[in-house]
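Q: Attaching a single structure in C-alpha cells format; questions to follow.
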Amino acid sequence: MTTGGPIAEHARKADESSPVIRFYQERDLAAVYAICVQTADGGGDARGKYRSDDLMPDLFAGPYVFGEPQLAFVLDDGNHPVGYVLGTADTAAFARAYRERWIPRLAGRYPVPPQPPVTPEDQMLALHYRPERLLWPGLLDYPAHLHIDLLPAFQGAGYGRRLLETFAAAAARAGAVGVHVCVVAGNVNAIGFYRRLGFGTLMVDEPGGVIYLGRKLLPPGTRGQPEGQPGRSGRGSPDAAEAA
C-alpha cells in the first residue's frame, strides 16, 4: 500500500529545512561573534556602540568556546549558525580560567579602564578585567551559568527553549546541580523567557541593575529531565535573546 502523499512530502521537506542544534565547531567562531554583537544591546544590535565590535563577543562568547567548547551549542539553519547557547557547569572554575588563560590571550587588545569607570565602554572593560564578579553567594546551589542568543528572524519559534534544554542536560551530565543567568533588569523579554522555562529570581544585584535567575537541574536519567541532545530542532514557546 502506498503511504505518504503530498502532505507527508511537505512535512518531510519542512523537517529537513528546520534548523538543527549541534555542537560548536571552531569554524563557527565568526558567526558566533556576529550573533553576539547583533543581540548584545539589551537584545538589540550593538554594532558600532563600542570602538571594537569584538568587545562584547570577547566578553560573553569567546571565553566559553575557547575554554569549554563541550558546553557550546549552535543552532544551524543549514548554511551557518543563527543562534547559540554557551556556558559553564562550574562558574568558579570558569572565573579562574578566565583570569589565568583568557585575559593573557587578549593581552594588549583592550586598555585597563579607569576606576571608577567613566564611559559605557569602560564599564564593559571593567567586567573583562574582573572575572571574580562572577562569584556570587548562589554558586553552591546554582554553579552553572549560560548565555543564549538568537538572531531576530529565529526568535519566537521555540529554538531558544531547545537550546536552553540542550545546555541544561549537558551541564547536568557534567555534574551541575543548578544553573543561573544574570540578566539586565530592563531586558523584560529575556526575563520572561527564563521565567517561562522554570527560572526563579535568586537575587537582585541593585535596583535597575541586574537580576540573577536560577533553575535546579535534575541528575541525568531522572524522570522529567529532557534528553537535550543536539539534533533536529522544533517549535515551542516564544523565546528571546539574552542581554549580555
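Starting from 1 in every chain, residues are counted up; chains themselves are A, B, ... following the order of the C-alpha cells, and ligands are numbered from 1 as listed.
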Given only C-alpha atoms, how would the per-residue table for stretch 60-143 of chain A near stretch 20-38 of chain A read, listing every residue at most 10 Å away with its closest atom pair and distance in Å to one decimal, sorted by chain and number, as CSV?
A:
residue,atom,partner,partner_atom,distance
A:Phe60,CA,A:Cys36,CA,7.7
A:Ala61,CA,A:Tyr33,CA,6.8
A:Gly62,CA,A:Tyr33,CA,7.7
A:Val65,CA,A:Tyr24,CA,7.6
A:Phe66,CA,A:Glu26,CA,9.0
A:Pro69,CA,A:Tyr24,CA,6.6
A:Gln70,CA,A:Phe23,CA,7.4
A:Leu71,CA,A:Phe23,CA,8.0
A:Ala72,CA,A:Tyr24,CA,5.4
A:Phe73,CA,A:Phe23,CA,4.5
A:Val74,CA,A:Ile21,CA,5.6
A:Leu75,CA,A:Ile21,CA,4.5
A:Asp76,CA,A:Val20,CA,5.1
A:Asp77,CA,A:Val20,CA,6.5
A:Gly78,CA,A:Val20,CA,7.6
A:His80,CA,A:Ala31,CA,7.1
A:Pro81,CA,A:Ala31,CA,6.1
A:Val82,CA,A:Ile35,CA,6.9
A:Gly83,CA,A:Ile35,CA,6.7
A:Tyr84,CA,A:Val32,CA,7.1
A:Val85,CA,A:Tyr24,CA,9.3
A:Leu86,CA,A:Tyr24,CA,9.1
Q: Just write the chosen residues, C-alpha atoms, as an mmCIF file, in the first residue's frame.
A:
data_model
loop_
_atom_site.group_PDB
_atom_site.id
_atom_site.type_symbol
_atom_site.label_atom_id
_atom_site.label_comp_id
_atom_site.auth_asym_id
_atom_site.auth_seq_id
_atom_site.Cartn_x
_atom_site.Cartn_y
_atom_site.Cartn_z
ATOM 1 C CA PHE A 60 30.415 36.888 26.518
ATOM 2 C CA ALA A 61 31.214 34.361 23.777
ATOM 3 C CA GLY A 62 34.930 33.891 23.166
ATOM 4 C CA VAL A 65 34.031 28.493 23.136
ATOM 5 C CA PHE A 66 37.750 28.743 23.954
ATOM 6 C CA PRO A 69 33.602 24.013 23.840
ATOM 7 C CA GLN A 70 31.987 20.818 25.140
ATOM 8 C CA LEU A 71 29.184 23.012 26.535
ATOM 9 C CA ALA A 72 28.805 25.182 23.440
ATOM 10 C CA PHE A 73 25.953 24.502 21.018
ATOM 11 C CA VAL A 74 24.784 26.336 17.916
ATOM 12 C CA LEU A 75 21.513 26.482 16.021
ATOM 13 C CA ASP A 76 22.434 25.857 12.366
ATOM 14 C CA ASP A 77 19.981 26.795 9.595
ATOM 15 C CA GLY A 78 21.797 24.622 7.078
ATOM 16 C CA HIS A 80 25.611 28.799 9.201
ATOM 17 C CA PRO A 81 24.812 29.321 12.883
ATOM 18 C CA VAL A 82 21.863 31.605 13.636
ATOM 19 C CA GLY A 83 21.863 31.162 17.406
ATOM 20 C CA TYR A 84 23.820 29.602 20.217
ATOM 21 C CA VAL A 85 23.964 28.666 23.861
ATOM 22 C CA LEU A 86 27.297 28.852 25.685
#
Q: What lies within 10 Å of A:Cys182 using only C-alpha atoms, ignoring chain neighbours under 3 positions off, as a PyMOL selection string?
A: chain A and resi 134+145-147+185+191+202-205+210-214+242-244
Q: Atom CA of A:Phe167 and atom CA of A:Gly200 are how many Å apart?
A: 17.7 Å
Q: Write out as a ChimeraX atom specification all residues of stretch 9-187 of chain A that backbone DSSP assigns to strand (DSSP E).
A: /A:20-23,73-76,81-88,144-150,178-184
Q: Take the residues from that selection and put them in a file with N, CA and C atoms, as a short mmCIF file (atom, residue, chain, number, x, y, z; two decimals), in the first residue's frame.
A:
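File written: again.cif
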data_model
loop_
_atom_site.label_atom_id
_atom_site.label_comp_id
_atom_site.auth_asym_id
_atom_site.auth_seq_id
_atom_site.Cartn_x
_atom_site.Cartn_y
_atom_site.Cartn_z
N VAL A 20 19.00 23.01 12.95
CA VAL A 20 19.46 21.89 13.76
C VAL A 20 20.37 22.40 14.87
N ILE A 21 20.22 21.87 16.06
CA ILE A 21 21.14 22.15 17.16
C ILE A 21 22.28 21.15 17.09
N ARG A 22 23.49 21.65 17.09
CA ARG A 22 24.67 20.78 17.04
C ARG A 22 25.77 21.37 17.92
N PHE A 23 26.80 20.60 18.15
CA PHE A 23 27.94 21.09 18.91
C PHE A 23 28.66 22.20 18.14
N PHE A 73 26.83 25.05 22.04
CA PHE A 73 25.95 24.50 21.02
C PHE A 73 25.45 25.63 20.12
N VAL A 74 25.30 25.34 18.84
CA VAL A 74 24.78 26.34 17.92
C VAL A 74 23.51 25.82 17.26
N LEU A 75 22.68 26.77 16.84
CA LEU A 75 21.51 26.48 16.02
C LEU A 75 21.91 26.78 14.58
N ASP A 76 21.94 25.75 13.73
CA ASP A 76 22.43 25.86 12.37
C ASP A 76 21.25 25.77 11.41
N PRO A 81 25.51 29.14 11.61
CA PRO A 81 24.81 29.32 12.88
C PRO A 81 23.95 30.58 12.89
N VAL A 82 22.77 30.46 13.48
CA VAL A 82 21.86 31.60 13.64
C VAL A 82 21.51 31.83 15.10
N GLY A 83 22.07 31.04 15.97
CA GLY A 83 21.86 31.16 17.41
C GLY A 83 22.83 30.25 18.13
N TYR A 84 22.91 30.44 19.44
CA TYR A 84 23.82 29.60 20.22
C TYR A 84 23.43 29.62 21.68
N VAL A 85 23.95 28.64 22.40
CA VAL A 85 23.96 28.67 23.86
C VAL A 85 25.37 28.27 24.29
N LEU A 86 25.94 29.06 25.19
CA LEU A 86 27.30 28.85 25.68
C LEU A 86 27.26 28.94 27.20
N GLY A 87 28.19 28.29 27.85
CA GLY A 87 28.20 28.41 29.30
C GLY A 87 29.23 27.52 29.95
N THR A 88 29.07 27.36 31.23
CA THR A 88 29.96 26.53 32.04
C THR A 88 29.15 25.80 33.09
N ALA A 144 26.30 26.38 37.57
CA ALA A 144 26.40 26.58 36.12
C ALA A 144 25.81 27.94 35.74
N HIS A 145 26.28 28.49 34.63
CA HIS A 145 25.62 29.66 34.05
C HIS A 145 25.73 29.60 32.54
N LEU A 146 24.88 30.36 31.87
CA LEU A 146 24.83 30.28 30.41
C LEU A 146 24.53 31.63 29.78
N HIS A 147 24.81 31.72 28.48
CA HIS A 147 24.41 32.84 27.62
C HIS A 147 23.74 32.24 26.40
N ILE A 148 22.58 32.74 26.05
CA ILE A 148 21.86 32.24 24.89
C ILE A 148 21.43 33.42 24.03
N ASP A 149 21.68 33.33 22.73
CA ASP A 149 21.32 34.41 21.81
C ASP A 149 20.87 33.83 20.49
N LEU A 150 19.87 34.48 19.90
CA LEU A 150 19.33 34.10 18.60
C LEU A 150 19.17 35.34 17.74
N GLY A 178 22.50 22.98 39.46
CA GLY A 178 21.63 24.11 39.16
C GLY A 178 22.32 25.04 38.19
N VAL A 179 21.52 25.86 37.49
CA VAL A 179 22.06 26.80 36.52
C VAL A 179 21.47 28.17 36.78
N HIS A 180 22.26 29.21 36.57
CA HIS A 180 21.75 30.57 36.76
C HIS A 180 22.09 31.43 35.54
N VAL A 181 21.38 32.52 35.42
CA VAL A 181 21.67 33.54 34.41
C VAL A 181 21.66 34.88 35.11
N CYS A 182 22.40 35.81 34.56
CA CYS A 182 22.44 37.18 35.06
C CYS A 182 21.93 38.07 33.94
N VAL A 183 20.80 38.72 34.15
CA VAL A 183 20.13 39.47 33.09
C VAL A 183 19.96 40.92 33.50
N VAL A 184 20.20 41.83 32.55
CA VAL A 184 19.95 43.25 32.79
C VAL A 184 18.47 43.43 33.13
#
Q: May I have all residues of stretch 12-240 of chain A that DSSP, computed from the backbone, assigns to helix (DSSP H, G or I), given as number ranges by chain?
A: A: 12-17, 26-38, 55-60, 62-67, 69-71, 91-105, 120-128, 131-134, 137-140, 152-154, 159-173, 188-196
Q: Which is closer to A:Pro57 than all the others in A:Met124, A:Glu165, A:Thr91, A:Thr201, using only C-alpha atoms?
A: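 Going through A:Met124, A:Glu165, A:Thr91, A:Thr201 one by one, the smallest distance to A:Pro57 is for A:Met124.
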Q: If you count only C-alpha atoms, which residues fall within 7 Å of A:Ala176, apart from same-chain ones fewer than 3 positions away, as an mmCIF file with C-alpha atoms, in the first residue's frame?
A:
data_model
loop_
_atom_site.group_PDB
_atom_site.id
_atom_site.type_symbol
_atom_site.label_atom_id
_atom_site.label_comp_id
_atom_site.auth_asym_id
_atom_site.auth_seq_id
_atom_site.Cartn_x
_atom_site.Cartn_y
_atom_site.Cartn_z
ATOM 1 C CA ALA A 89 28.982 23.879 34.559
ATOM 2 C CA PRO A 143 27.083 26.555 39.872
ATOM 3 C CA ALA A 144 26.397 26.581 36.121
ATOM 4 C CA ALA A 171 25.525 20.778 32.385
ATOM 5 C CA ALA A 172 23.715 18.180 34.497
#
Q: Which residues are near A:Tyr129? Cut-off 9 Å, only C-alpha atoms, ignore same chain within fewer than 4 positions. Put them as a VMD selection string.
A: chain A and resid 99 103 112 to 113 125
Q: Any idea what the distance is between atom CA of A:Ala153 and atom CA of A:Asn187?
A: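 Result for atom CA of A:Ala153 versus atom CA of A:Asn187: 18.4 Å, one decimal.
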Q: Can you pull out the residues contacting A:Lys49? Cut-off 10 Å, using only C-alpha atoms, and skip same-chain residues under 3 positions away; I want them as a list in words.
A: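 Neighbouring residues, sequence-local ones excluded: Val37, Ala40, Asp41, Asp45, Ala46, Ser52, Asp53, Leu55, Met56, Pro120 and Glu121 of chain A.
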Q: Output C-alpha atoms of each residue in that selection to a file, as a tab-separated table (two decimals), in the first residue's frame.
A:
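For reference, result-v1.tsv as written:
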chain	number	residue	atom	x	y	z
A	37	VAL	CA	27.20	41.64	18.86
A	40	ALA	CA	24.21	42.46	22.80
A	41	ASP	CA	22.41	45.76	23.37
A	45	ASP	CA	22.13	45.34	17.79
A	46	ALA	CA	25.31	46.66	19.46
A	52	SER	CA	35.51	47.40	18.53
A	53	ASP	CA	32.56	45.20	17.60
A	55	LEU	CA	34.31	43.73	22.62
A	56	MET	CA	31.02	42.12	23.62
A	120	PRO	CA	29.89	52.56	28.96
A	121	GLU	CA	32.93	51.02	27.28
